[in-house]
file target-v3.cif (mmCIF, C-alpha atoms)
data_final
#
loop_
_atom_site.label_atom_id
_atom_site.label_comp_id
_atom_site.auth_asym_id
_atom_site.auth_seq_id
_atom_site.Cartn_x
_atom_site.Cartn_y
_atom_site.Cartn_z
CA MET N 1 -10.44 -10.24 2.19
CA LYS N 2 -9.24 -6.68 1.88
CA LYS N 3 -8.59 -5.03 5.23
CA GLY N 4 -10.24 -1.72 5.98
CA VAL N 5 -8.20 1.43 6.41
CA PHE N 6 -8.04 3.33 9.71
CA PHE N 7 -8.56 7.09 9.24
CA VAL N 8 -8.11 9.72 11.93
CA LEU N 9 -9.54 13.21 11.62
CA SER N 10 -7.83 15.66 13.91
CA GLY N 11 -7.03 19.33 14.26
CA PRO N 12 -7.09 22.07 16.88
CA SER N 13 -10.30 22.68 18.80
CA GLY N 14 -12.62 24.96 16.89
CA CYS N 15 -11.53 23.70 13.47
CA GLY N 16 -14.89 22.03 12.90
CA LYS N 17 -13.85 18.34 13.02
CA GLY N 18 -17.19 17.18 14.44
CA THR N 19 -19.29 18.91 11.79
CA VAL N 20 -17.08 17.78 8.93
CA LEU N 21 -17.01 14.20 10.22
CA LYS N 22 -20.82 14.07 10.36
CA GLU N 23 -20.96 15.20 6.74
CA VAL N 24 -18.36 12.60 5.72
CA LEU N 25 -20.34 9.79 7.42
CA LYS N 26 -23.63 11.01 5.92
CA ARG N 27 -22.27 11.15 2.38
CA GLY N 28 -19.71 8.35 2.55
CA GLY N 29 -22.35 5.59 2.49
CA ASP N 30 -20.72 2.19 2.89
CA SER N 31 -17.24 3.55 2.20
CA VAL N 32 -16.60 4.48 5.82
CA ALA N 33 -18.06 3.83 9.26
CA TYR N 34 -17.76 5.45 12.64
CA SER N 35 -16.61 3.01 15.28
CA VAL N 36 -18.76 2.42 18.37
CA SER N 37 -17.21 3.98 21.49
CA ALA N 38 -17.13 2.69 25.04
CA THR N 39 -18.37 4.90 27.88
CA SER N 40 -18.77 4.84 31.64
CA ARG N 41 -21.88 7.00 31.33
CA ALA N 42 -25.21 5.31 32.13
CA PRO N 43 -27.23 4.30 29.04
CA ARG N 44 -30.17 6.52 28.10
CA ALA N 45 -33.57 4.97 27.45
CA GLU N 46 -33.20 4.82 23.69
CA GLU N 47 -29.59 3.63 23.66
CA THR N 48 -28.58 0.06 22.84
CA GLU N 49 -25.45 -1.74 24.02
CA GLY N 50 -23.06 -2.30 21.10
CA LYS N 51 -24.96 0.05 18.82
CA ASN N 52 -24.72 3.47 20.45
CA TYR N 53 -22.01 2.59 22.96
CA TYR N 54 -20.40 -0.23 24.83
CA PHE N 55 -21.51 0.57 28.36
CA LYS N 56 -18.97 -0.07 31.12
CA THR N 57 -18.88 0.71 34.81
CA ARG N 58 -16.29 3.24 35.87
CA SER N 59 -14.09 0.52 37.34
CA GLU N 60 -14.43 -1.68 34.24
CA PHE N 61 -13.41 1.30 32.14
CA GLU N 62 -10.39 2.00 34.36
CA SER N 63 -9.28 -1.64 34.18
CA LEU N 64 -9.45 -1.41 30.38
CA ILE N 65 -7.35 1.77 30.48
CA ALA N 66 -4.78 0.01 32.67
CA ALA N 67 -4.73 -2.93 30.24
CA GLY N 68 -3.98 -0.59 27.31
CA ALA N 69 -7.24 -1.57 25.62
CA PHE N 70 -8.00 1.89 24.22
CA VAL N 71 -6.84 3.62 21.08
CA GLU N 72 -7.74 6.85 22.86
CA TYR N 73 -10.00 7.94 25.69
CA THR N 74 -11.09 11.15 27.40
CA GLU N 75 -12.95 12.06 30.54
CA THR N 76 -15.72 14.64 30.16
CA TYR N 77 -17.99 15.80 32.99
CA GLY N 78 -16.93 12.80 35.07
CA ASN N 79 -17.66 10.21 32.36
CA TYR N 80 -15.12 8.28 30.34
CA TYR N 81 -15.40 7.94 26.57
CA GLY N 82 -12.97 5.90 24.53
CA THR N 83 -12.32 3.81 21.42
CA LEU N 84 -11.45 0.17 22.05
CA LYS N 85 -8.61 -1.28 20.01
CA SER N 86 -10.65 -4.50 19.69
CA GLU N 87 -13.44 -2.52 18.00
CA VAL N 88 -11.08 -0.85 15.52
CA GLU N 89 -9.42 -4.14 14.68
CA LYS N 90 -12.73 -5.96 14.29
CA SER N 91 -13.94 -3.35 11.78
CA MET N 92 -10.71 -3.35 9.80
CA SER N 93 -10.61 -7.16 9.64
CA ALA N 94 -14.17 -7.10 8.31
CA GLY N 95 -12.93 -4.85 5.49
CA LYS N 96 -14.55 -1.69 6.83
CA ASN N 97 -12.84 1.67 6.71
CA ILE N 98 -13.22 3.45 9.99
CA ILE N 99 -12.78 7.09 10.85
CA LEU N 100 -12.28 8.57 14.31
CA GLU N 101 -12.25 12.16 15.43
CA ILE N 102 -9.35 12.50 17.86
CA ASP N 103 -7.56 15.50 19.39
CA PRO N 104 -3.96 16.15 18.28
CA VAL N 105 -2.43 14.42 21.34
CA GLY N 106 -4.52 11.31 20.69
CA ALA N 107 -3.59 11.42 17.00
CA ARG N 108 0.07 11.25 17.93
CA ASN N 109 -0.61 8.07 19.96
CA VAL N 110 -2.53 6.52 17.07
CA ARG N 111 0.41 7.17 14.75
CA ARG N 112 2.66 5.29 17.18
CA GLU N 113 0.42 2.27 17.59
CA TYR N 114 -1.00 2.12 14.07
CA PRO N 115 1.75 3.23 11.69
CA ASP N 116 -0.52 2.47 8.71
CA ALA N 117 -3.31 4.74 9.98
CA VAL N 118 -4.08 7.67 7.67
CA LEU N 119 -4.01 10.95 9.58
CA VAL N 120 -5.93 13.95 8.25
CA PHE N 121 -5.32 17.38 9.74
CA LEU N 122 -8.25 19.74 9.49
CA VAL N 123 -7.18 23.38 9.41
CA ALA N 124 -9.49 26.05 10.74
CA PRO N 125 -10.60 28.50 8.03
CA ASP N 126 -8.92 31.19 10.13
CA LEU N 127 -5.58 29.92 8.95
CA GLU N 128 -6.53 30.67 5.37
CA ILE N 129 -7.91 34.05 6.33
CA LEU N 130 -4.70 34.76 8.18
CA LYS N 131 -2.71 33.76 5.12
CA GLN N 132 -4.65 36.26 3.03
CA ARG N 133 -3.99 38.94 5.61
CA LEU N 134 -0.31 38.20 5.73
CA LYS N 135 -0.17 38.40 1.98
CA GLY N 136 -2.21 41.56 1.83
CA ARG N 137 -1.61 44.96 3.35
CA GLY N 138 0.76 45.17 6.34
CA SER N 139 -1.59 47.30 8.45
CA GLU N 140 -3.21 45.04 11.04
CA ASP N 141 -4.09 45.19 14.70
CA GLU N 142 -0.78 44.11 16.19
CA ASN N 143 -2.23 42.12 19.07
CA THR N 144 -4.88 40.24 17.08
CA PHE N 145 -2.26 39.43 14.56
CA ARG N 146 0.12 38.02 17.15
CA ILE N 147 -2.49 35.82 18.85
CA ARG N 148 -3.82 34.30 15.66
CA HIS N 149 -0.38 33.93 14.32
CA GLU N 150 0.91 31.99 17.34
CA ALA N 151 -2.10 29.67 17.06
CA ALA N 152 -1.39 29.15 13.37
CA LEU N 153 2.24 28.39 14.06
CA SER N 154 1.41 25.72 16.59
CA GLU N 155 -1.12 24.26 14.15
CA MET N 156 1.57 24.15 11.53
CA GLU N 157 3.93 22.21 13.77
CA ASN N 158 1.23 19.62 14.35
CA ALA N 159 0.48 19.36 10.68
CA THR N 160 3.77 17.76 9.72
CA LEU N 161 2.78 14.63 11.67
CA TYR N 162 -0.16 14.12 9.34
CA ASP N 163 -0.56 12.57 5.91
CA TYR N 164 -3.06 15.13 4.64
CA VAL N 165 -4.07 18.71 5.33
CA VAL N 166 -7.67 19.76 4.59
CA VAL N 167 -8.76 23.38 4.87
CA ASN N 168 -12.23 23.65 6.39
CA ASP N 169 -13.36 26.73 4.51
CA GLU N 170 -16.68 25.08 3.64
CA VAL N 171 -18.04 21.93 5.27
CA SER N 172 -19.24 20.19 2.11
CA ARG N 173 -15.99 20.89 0.25
CA ALA N 174 -13.90 19.69 3.19
CA ALA N 175 -16.06 16.53 3.38
CA ASP N 176 -15.50 15.93 -0.36
CA ASP N 177 -11.76 16.26 0.21
CA ILE N 178 -11.89 13.64 2.96
CA LEU N 179 -14.06 11.30 0.86
CA ALA N 180 -11.48 11.59 -1.97
CA ILE N 181 -8.73 10.72 0.52
CA ILE N 182 -10.69 7.67 1.70
CA ARG N 183 -11.28 6.53 -1.87
CA ALA N 184 -7.67 7.09 -2.90
CA GLU N 185 -6.15 5.41 0.15
CA ASN N 186 -8.16 2.28 -0.59
CA LEU N 187 -6.53 2.21 -4.04
CA ARG N 188 -2.96 2.36 -2.71
CA THR N 189 -0.86 -0.52 -3.93
CA LYS N 190 -0.29 -1.85 -0.42
CA ASN N 191 -4.07 -1.95 0.10
CA SER N 192 -4.70 -3.57 -3.30
CA ILE N 193 -2.30 -6.39 -2.77
CA GLU N 194 -5.11 -8.86 -2.33
CA ILE N 195 -6.40 -8.10 -5.84
CA LEU N 196 -3.02 -9.21 -7.04
CA SER N 197 -2.13 -11.87 -4.48
CA GLY N 198 -5.39 -13.67 -5.25
CA ILE N 199 -3.75 -14.29 -8.61
CA LYS N 200 -0.45 -15.33 -7.11
CA GLY N 201 -2.18 -17.77 -4.77
CA GLY N 202 -3.84 -19.19 -7.86
CA LYS N 203 -0.48 -20.35 -9.22
CA GLN N 204 -0.51 -23.19 -6.76
CA LEU N 205 -3.85 -24.48 -8.05
CA MET Y 1 2.78 29.15 -5.27
CA LYS Y 2 1.78 25.53 -4.85
CA LYS Y 3 3.58 23.24 -7.29
CA GLY Y 4 1.52 20.91 -9.45
CA VAL Y 5 1.75 17.15 -9.03
CA PHE Y 6 3.07 14.87 -11.76
CA PHE Y 7 0.81 11.85 -12.35
CA VAL Y 8 1.63 8.89 -14.55
CA LEU Y 9 -1.02 6.47 -15.78
CA SER Y 10 0.45 3.18 -16.87
CA GLY Y 11 -0.40 -0.48 -17.24
CA PRO Y 12 -0.03 -3.32 -19.71
CA SER Y 13 -1.20 -2.78 -23.28
CA GLY Y 14 -4.88 -3.48 -23.61
CA CYS Y 15 -5.73 -2.27 -20.12
CA GLY Y 16 -7.54 0.77 -21.52
CA LYS Y 17 -5.18 3.57 -20.38
CA GLY Y 18 -5.98 5.83 -23.35
CA THR Y 19 -9.75 5.63 -22.90
CA VAL Y 20 -9.59 6.14 -19.15
CA LEU Y 21 -7.18 9.08 -19.51
CA LYS Y 22 -9.52 10.82 -21.98
CA GLU Y 23 -12.34 10.48 -19.46
CA VAL Y 24 -10.16 11.82 -16.65
CA LEU Y 25 -9.18 14.87 -18.70
CA LYS Y 26 -12.77 15.47 -19.81
CA ARG Y 27 -14.15 15.34 -16.27
CA GLY Y 28 -11.18 16.69 -14.37
CA GLY Y 29 -11.72 20.29 -15.47
CA ASP Y 30 -8.94 22.51 -14.22
CA SER Y 31 -7.70 19.92 -11.75
CA VAL Y 32 -5.43 18.21 -14.28
CA ALA Y 33 -3.95 18.87 -17.73
CA TYR Y 34 -2.36 16.75 -20.39
CA SER Y 35 1.10 17.95 -21.25
CA VAL Y 36 1.89 18.96 -24.87
CA SER Y 37 4.16 16.40 -26.56
CA ALA Y 38 6.98 16.95 -29.02
CA THR Y 39 6.99 15.07 -32.33
CA SER Y 40 9.10 14.71 -35.43
CA ARG Y 41 5.93 14.18 -37.50
CA ALA Y 42 4.98 17.00 -39.90
CA PRO Y 43 2.21 19.27 -38.62
CA ARG Y 44 -1.27 18.75 -40.08
CA ALA Y 45 -3.21 21.73 -41.44
CA GLU Y 46 -5.25 22.29 -38.28
CA GLU Y 47 -2.40 21.77 -35.84
CA THR Y 48 -0.70 24.62 -33.98
CA GLU Y 49 2.86 24.67 -32.65
CA GLY Y 50 2.86 24.58 -28.84
CA LYS Y 51 -0.82 23.72 -28.66
CA ASN Y 52 -1.14 20.33 -30.33
CA TYR Y 53 2.55 19.51 -30.43
CA TYR Y 54 6.01 20.98 -30.38
CA PHE Y 55 7.13 20.20 -33.91
CA LYS Y 56 10.77 19.20 -34.34
CA THR Y 57 12.78 17.87 -37.25
CA ARG Y 58 14.02 14.33 -36.88
CA SER Y 59 17.57 15.53 -36.19
CA GLU Y 60 16.39 18.13 -33.65
CA PHE Y 61 14.44 15.38 -31.91
CA GLU Y 62 17.47 13.10 -31.85
CA SER Y 63 19.68 15.86 -30.41
CA LEU Y 64 17.10 16.33 -27.65
CA ILE Y 65 17.13 12.58 -26.96
CA ALA Y 66 20.95 12.68 -26.74
CA ALA Y 67 20.75 15.66 -24.35
CA GLY Y 68 18.39 13.72 -22.05
CA ALA Y 69 15.63 16.28 -22.61
CA PHE Y 70 12.75 13.77 -22.58
CA VAL Y 71 10.80 12.26 -19.73
CA GLU Y 72 9.93 9.49 -22.19
CA TYR Y 73 9.74 9.05 -25.94
CA THR Y 74 8.72 6.41 -28.47
CA GLU Y 75 9.06 5.90 -32.20
CA THR Y 76 5.89 4.91 -34.04
CA TYR Y 77 5.66 4.42 -37.83
CA GLY Y 78 8.95 6.28 -38.27
CA ASN Y 79 7.94 9.33 -36.20
CA TYR Y 80 9.16 10.25 -32.74
CA TYR Y 81 6.78 11.28 -29.98
CA GLY Y 82 7.98 12.37 -26.57
CA THR Y 83 7.38 14.42 -23.44
CA LEU Y 84 9.92 17.16 -22.78
CA LYS Y 85 11.12 17.53 -19.21
CA SER Y 86 10.98 21.32 -19.68
CA GLU Y 87 7.26 21.06 -20.47
CA VAL Y 88 6.53 18.96 -17.40
CA GLU Y 89 8.52 21.29 -15.16
CA LYS Y 90 6.92 24.39 -16.62
CA SER Y 91 3.43 23.02 -15.89
CA MET Y 92 4.30 21.94 -12.38
CA SER Y 93 5.91 25.30 -11.56
CA ALA Y 94 2.74 27.01 -12.77
CA GLY Y 95 0.81 24.94 -10.20
CA LYS Y 96 -0.79 22.64 -12.77
CA ASN Y 97 -1.19 18.93 -12.18
CA ILE Y 98 -0.18 16.98 -15.22
CA ILE Y 99 -0.93 13.42 -16.20
CA LEU Y 100 0.89 11.33 -18.77
CA GLU Y 101 0.05 7.95 -20.21
CA ILE Y 102 3.29 5.98 -20.32
CA ASP Y 103 4.09 2.30 -20.87
CA PRO Y 104 5.47 0.33 -17.88
CA VAL Y 105 9.12 0.69 -19.01
CA GLY Y 106 8.74 4.47 -19.28
CA ALA Y 107 6.98 4.58 -15.91
CA ARG Y 108 10.02 2.98 -14.31
CA ASN Y 109 12.20 5.76 -15.77
CA VAL Y 110 9.84 8.44 -14.50
CA ARG Y 111 10.04 6.96 -11.00
CA ARG Y 112 13.84 7.24 -11.15
CA GLU Y 113 13.94 10.84 -12.38
CA TYR Y 114 10.88 12.16 -10.53
CA PRO Y 115 10.74 10.36 -7.18
CA ASP Y 116 7.74 12.51 -6.19
CA ALA Y 117 5.72 11.52 -9.25
CA VAL Y 118 2.52 9.64 -8.45
CA LEU Y 119 2.30 6.40 -10.41
CA VAL Y 120 -1.06 4.80 -11.07
CA PHE Y 121 -1.24 1.26 -12.40
CA LEU Y 122 -4.34 0.47 -14.41
CA VAL Y 123 -5.28 -3.19 -14.28
CA ALA Y 124 -7.16 -4.79 -17.14
CA PRO Y 125 -10.61 -5.99 -16.11
CA ASP Y 126 -9.44 -9.49 -17.02
CA LEU Y 127 -7.46 -9.56 -13.83
CA GLU Y 128 -10.62 -9.12 -11.81
CA ILE Y 129 -12.44 -11.69 -13.90
CA LEU Y 130 -9.53 -14.04 -13.36
CA LYS Y 131 -9.69 -13.40 -9.65
CA GLN Y 132 -13.36 -14.38 -9.60
CA ARG Y 133 -12.54 -17.52 -11.51
CA LEU Y 134 -9.75 -18.45 -9.17
CA LYS Y 135 -12.04 -17.94 -6.22
CA GLY Y 136 -14.87 -19.86 -7.85
CA ARG Y 137 -15.04 -23.42 -9.07
CA GLY Y 138 -11.77 -25.19 -9.94
CA SER Y 139 -12.95 -26.43 -13.36
CA GLU Y 140 -11.40 -24.20 -16.03
CA ASP Y 141 -9.85 -24.65 -19.45
CA GLU Y 142 -6.28 -25.41 -18.42
CA ASN Y 143 -4.57 -23.59 -21.27
CA THR Y 144 -6.65 -20.39 -21.14
CA PHE Y 145 -6.11 -20.33 -17.44
CA ARG Y 146 -2.34 -20.62 -17.78
CA ILE Y 147 -2.02 -17.87 -20.41
CA ARG Y 148 -4.15 -15.37 -18.56
CA HIS Y 149 -2.55 -16.30 -15.35
CA GLU Y 150 0.99 -15.69 -16.62
CA ALA Y 151 -0.11 -12.26 -17.91
CA ALA Y 152 -1.65 -11.48 -14.56
CA LEU Y 153 1.49 -12.51 -12.73
CA SER Y 154 3.68 -10.22 -14.79
CA GLU Y 155 1.17 -7.39 -14.26
CA MET Y 156 1.39 -8.03 -10.56
CA GLU Y 157 5.16 -7.72 -10.51
CA ASN Y 158 4.90 -4.35 -12.24
CA ALA Y 159 2.25 -3.17 -9.84
CA THR Y 160 4.50 -3.06 -6.80
CA LEU Y 161 6.42 -0.15 -8.40
CA TYR Y 162 3.28 1.96 -8.35
CA ASP Y 163 1.58 4.07 -5.72
CA TYR Y 164 -1.95 3.09 -6.70
CA VAL Y 165 -3.75 0.25 -8.45
CA VAL Y 166 -7.00 1.01 -10.30
CA VAL Y 167 -9.12 -1.76 -11.77
CA ASN Y 168 -10.57 -0.75 -15.13
CA ASP Y 169 -13.82 -2.68 -14.90
CA GLU Y 170 -15.79 0.37 -16.04
CA VAL Y 171 -14.29 3.50 -17.62
CA SER Y 172 -16.28 6.08 -15.64
CA ARG Y 173 -15.64 4.34 -12.32
CA ALA Y 174 -11.92 4.01 -13.08
CA ALA Y 175 -11.82 7.72 -14.05
CA ASP Y 176 -13.52 8.61 -10.74
CA ASP Y 177 -10.89 6.60 -8.91
CA ILE Y 178 -8.12 8.53 -10.66
CA LEU Y 179 -9.81 11.89 -10.02
CA ALA Y 180 -10.02 10.97 -6.31
CA ILE Y 181 -6.31 10.13 -6.36
CA ILE Y 182 -5.52 13.51 -7.98
CA ARG Y 183 -7.62 15.35 -5.43
CA ALA Y 184 -6.15 13.45 -2.48
CA GLU Y 185 -2.53 13.80 -3.61
CA ASN Y 186 -2.94 17.56 -3.77
CA LEU Y 187 -3.99 17.47 -0.11
CA ARG Y 188 -0.91 15.57 1.06
CA THR Y 189 0.97 17.40 3.78
CA LYS Y 190 4.09 17.77 1.66
CA ASN Y 191 1.98 19.43 -1.06
CA SER Y 192 0.17 21.68 1.43
CA ILE Y 193 3.29 23.06 3.00
CA GLU Y 194 2.80 26.40 1.29
CA ILE Y 195 -0.55 26.88 3.08
CA LEU Y 196 1.37 26.56 6.30
CA SER Y 197 4.70 28.11 5.37
CA GLY Y 198 2.91 31.29 4.29
CA ILE Y 199 2.16 31.67 7.99
CA LYS Y 200 5.69 30.86 9.07
CA GLY Y 201 7.12 33.38 6.63
CA GLY Y 202 4.72 35.91 8.18
CA LYS Y 203 6.59 35.67 11.49
CA GLN Y 204 9.31 37.87 10.08
CA LEU Y 205 6.86 40.65 9.23
#

call {"tool": "encode", "arguments": {"input": "target-v3.cif", "output": "structure tokens"}}
result
Amino acid sequence: MKKGVFFVLSGPSGCGKGTVLKEVLKRGGDSVAYSVSATSRAPRAEETEGKNYYFKTRSEFESLIAAGAFVEYTETYGNYYGTLKSEVEKSMSAGKNIILEIDPVGARNVRREYPDAVLVFLVAPDLEILKQRLKGRGSEDENTFRIRHEAALSEMENATLYDYVVVNDEVSRAADDILAIIRAENLRTKNSIEILSGIKGGKQL
Amino acid sequence: MKKGVFFVLSGPSGCGKGTVLKEVLKRGGDSVAYSVSATSRAPRAEETEGKNYYFKTRSEFESLIAAGAFVEYTETYGNYYGTLKSEVEKSMSAGKNIILEIDPVGARNVRREYPDAVLVFLVAPDLEILKQRLKGRGSEDENTFRIRHEAALSEMENATLYDYVVVNDEVSRAADDILAIIRAENLRTKNSIEILSGIKGGKQL
């Protein structure tokens, strides 16, 4: 069976990753799934174990961190949230593409542990606006320019770690870009090898 | 300005490259263009130099072959047809994606001369049918099986040279696959560097 592909959507805070990811999941249908996270937060009434989250106690969660069981995790308002490697691997083995929204530091870790993961860098629309400004007239508030420019430069340095760069100028267009990436990556020769190796295996029949 | 990407659609004869390419060009809009070929055939009444073809005499064409001016060429019914490197480079420099339909031998040459070209291997639907058969019951006409199987094996060996494998089970679906590949490849970090380097260049302002 064809393995799923592991996609990571990242980018600086404020670039709109969360909104774009929701749109991708809504429109992607069966082509991509969000993986269920683990959390140390108490379940809410309507939440189901293994559907909304894997619920862990704080000490269970910390043991899992120590055991290197997470692809990435964060602590927010005293609660842990993280993606279990076992969950990612289960989905991929079942042939499902998964997509995670991870901050740039986490994305770097994913690249190290999953060299075949496909990393997408979402660029804030500001970067495009800035580009227009730089191209246009030279008159510009010096300070505003410098601040935005420094931010853009640090974004740029991150971007070279990634396979793809998507400009989030419009959510639906950015989501279409990501859906095209998901479709294309599943057609890569290395991911199609089972189409062909099914034939090769047949030689021994 | 962003350079265009050079796409090659190839595959064994009978896989339906021509039909799929027409569909891609029809639906791709401005995202991709077919490059104008050169030919030693005489122009027909309705044909325009530089629009339908670049018309060359036979000896002009052969001088161009000797000078290594072609990406690929073939001789059919005594007439030469070929793609000029200058034409490909002109389109790419103008930011246009181009797509050529080339046989597997030509595709290998393109890979050598244009390492950044994106090669798509179109697989005849037979391969998929064969796969189903191999997975299904073992009873099968022995001879038919062997012939189709040998063809599939040689297709498979070609496929590893390519970046993508598209199964032509249905023309419109295969065309959508290729359009997704074109869209995704234009989002690759190496092809987006001008979005980011515009900012870097701005530092010197």

call {"tool": "interface_residues", "arguments": {"input": "target-v3.cif", "of": "chain Y", "to": "chain N", "cutoff": "6 Å", "atoms": "all atoms listed in the file", "output": "number ranges by chain"}}
result
Y: 156, 163-165, 180-181, 184, 187-189, 196

call {"tool": "write_last_selection", "arguments": {"input": "target-v3.cif", "atoms": "C-alpha atoms", "output": "PDB file, in the coordinates of the input"}}
result
ATOM      1  CA  MET Y 156       1.390  -8.030 -10.560  1.00  0.00           C
ATOM      2  CA  ASP Y 163       1.580   4.070  -5.720  1.00  0.00           C
ATOM      3  CA  TYR Y 164      -1.950   3.090  -6.700  1.00  0.00           C
ATOM      4  CA  VAL Y 165      -3.750   0.250  -8.450  1.00  0.00           C
ATOM      5  CA  ALA Y 180     -10.020  10.970  -6.310  1.00  0.00           C
ATOM      6  CA  ILE Y 181      -6.310  10.130  -6.360  1.00  0.00           C
ATOM      7  CA  ALA Y 184      -6.150  13.450  -2.480  1.00  0.00           C
ATOM      8  CA  LEU Y 187      -3.990  17.470  -0.110  1.00  0.00           C
ATOM      9  CA  ARG Y 188      -0.910  15.570   1.060  1.00  0.00           C
ATOM     10  CA  THR Y 189       0.970  17.400   3.780  1.00  0.00           C
ATOM     11  CA  LEU Y 196       1.370  26.560   6.300  1.00  0.00           C
TER      12      LEU Y 196
END

call {"tool": "atom_distance", "arguments": {"input": "target-v3.cif", "atom1": "atom CA of N:Arg58", "atom2": "atom CA of N:Gly78"}}
result
9.6 Å

call {"tool": "closest_residue", "arguments": {"input": "target-v3.cif", "among": "N:Tyr80, N:Ala67, N:Leu119, N:Glu46", "to": "N:Glu101", "atoms": "only C-alpha atoms"}}
result
N:Leu119

call {"tool": "resolve_selection", "arguments": {"input": "target-v3.cif", "expression": "the PyMOL selection byres ((chain N and resi 9) around 8)", "output": "list in words"}}
result
Phe7, Val8, Ser10, Gly11, Lys17, Leu21, Ile99, Leu100, Glu101, Ile102, Leu119, Val120, Phe121 and Leu122 of chain N

call {"tool": "atom_distance", "arguments": {"input": "target-v3.cif", "atom1": "atom CA of Y:Val71", "atom2": "atom CA of Y:Val5"}}
result
14.8 Å

call {"tool": "closest_residue", "arguments": {"input": "target-v3.cif", "among": "N:Asp169, N:Glu72, N:Glu60, N:Glu47", "to": "N:Gly16", "atoms": "all atoms listed in the file"}}
result
N:Asp169

call {"tool": "axis_aligned_box", "arguments": {"input": "target-v3.cif", "around": "stretch 56-73 of chain N", "padding_each_side": "8 Å", "output": "JSON"}}
result
{"center_x": -11.5, "center_y": 2.5, "center_z": 29.2, "size_x": 31.0, "size_y": 26.9, "size_z": 32.3}

call {"tool": "closest_residue", "arguments": {"input": "target-v3.cif", "among": "N:Val20, N:Ala69, N:Val118, N:Leu25", "to": "N:Glu87", "atoms": "all atoms listed in the file"}}
result
N:Ala69

call {"tool": "resolve_selection", "arguments": {"input": "target-v3.cif", "expression": "the PyMOL selection byres ((chain Y and resi 86) around 12)", "output": "NGL selection string"}}
result
:Y and (35-38 or 54 or 64 or 68-71 or 82-85 or 87-93)

call {"tool": "resolve_selection", "arguments": {"input": "target-v3.cif", "expression": "the PyMOL selection byres ((chain N and resi 97) around 7)", "output": "PyMOL selection string"}}
result
chain N and resi 4-6+31-33+92+95-96+98-99

call {"tool": "atom_distance", "arguments": {"input": "target-v3.cif", "atom1": "atom CA of N:Ser40", "atom2": "atom CA of N:Pro115"}}
result
28.7 Å

call {"tool": "residues_around", "arguments": {"input": "target-v3.cif", "residues": "N:Thr57", "least_positions_apart": "5", "cutoff": "10 Å", "atoms": "only C-alpha atoms", "output": "compact mmCIF listing (two decimals) with C-alpha atoms, in the coordinates of the input"}}
result
# COMPACT_ATOMS: atom_id res chain seq x y z
CA THR N 39 -18.37 4.90 27.88
CA SER N 40 -18.77 4.84 31.64
CA ARG N 41 -21.88 7.00 31.33
CA ALA N 42 -25.21 5.31 32.13
CA GLU N 62 -10.39 2.00 34.36
CA SER N 63 -9.28 -1.64 34.18
CA ASN N 79 -17.66 10.21 32.36
CA TYR N 80 -15.12 8.28 30.34
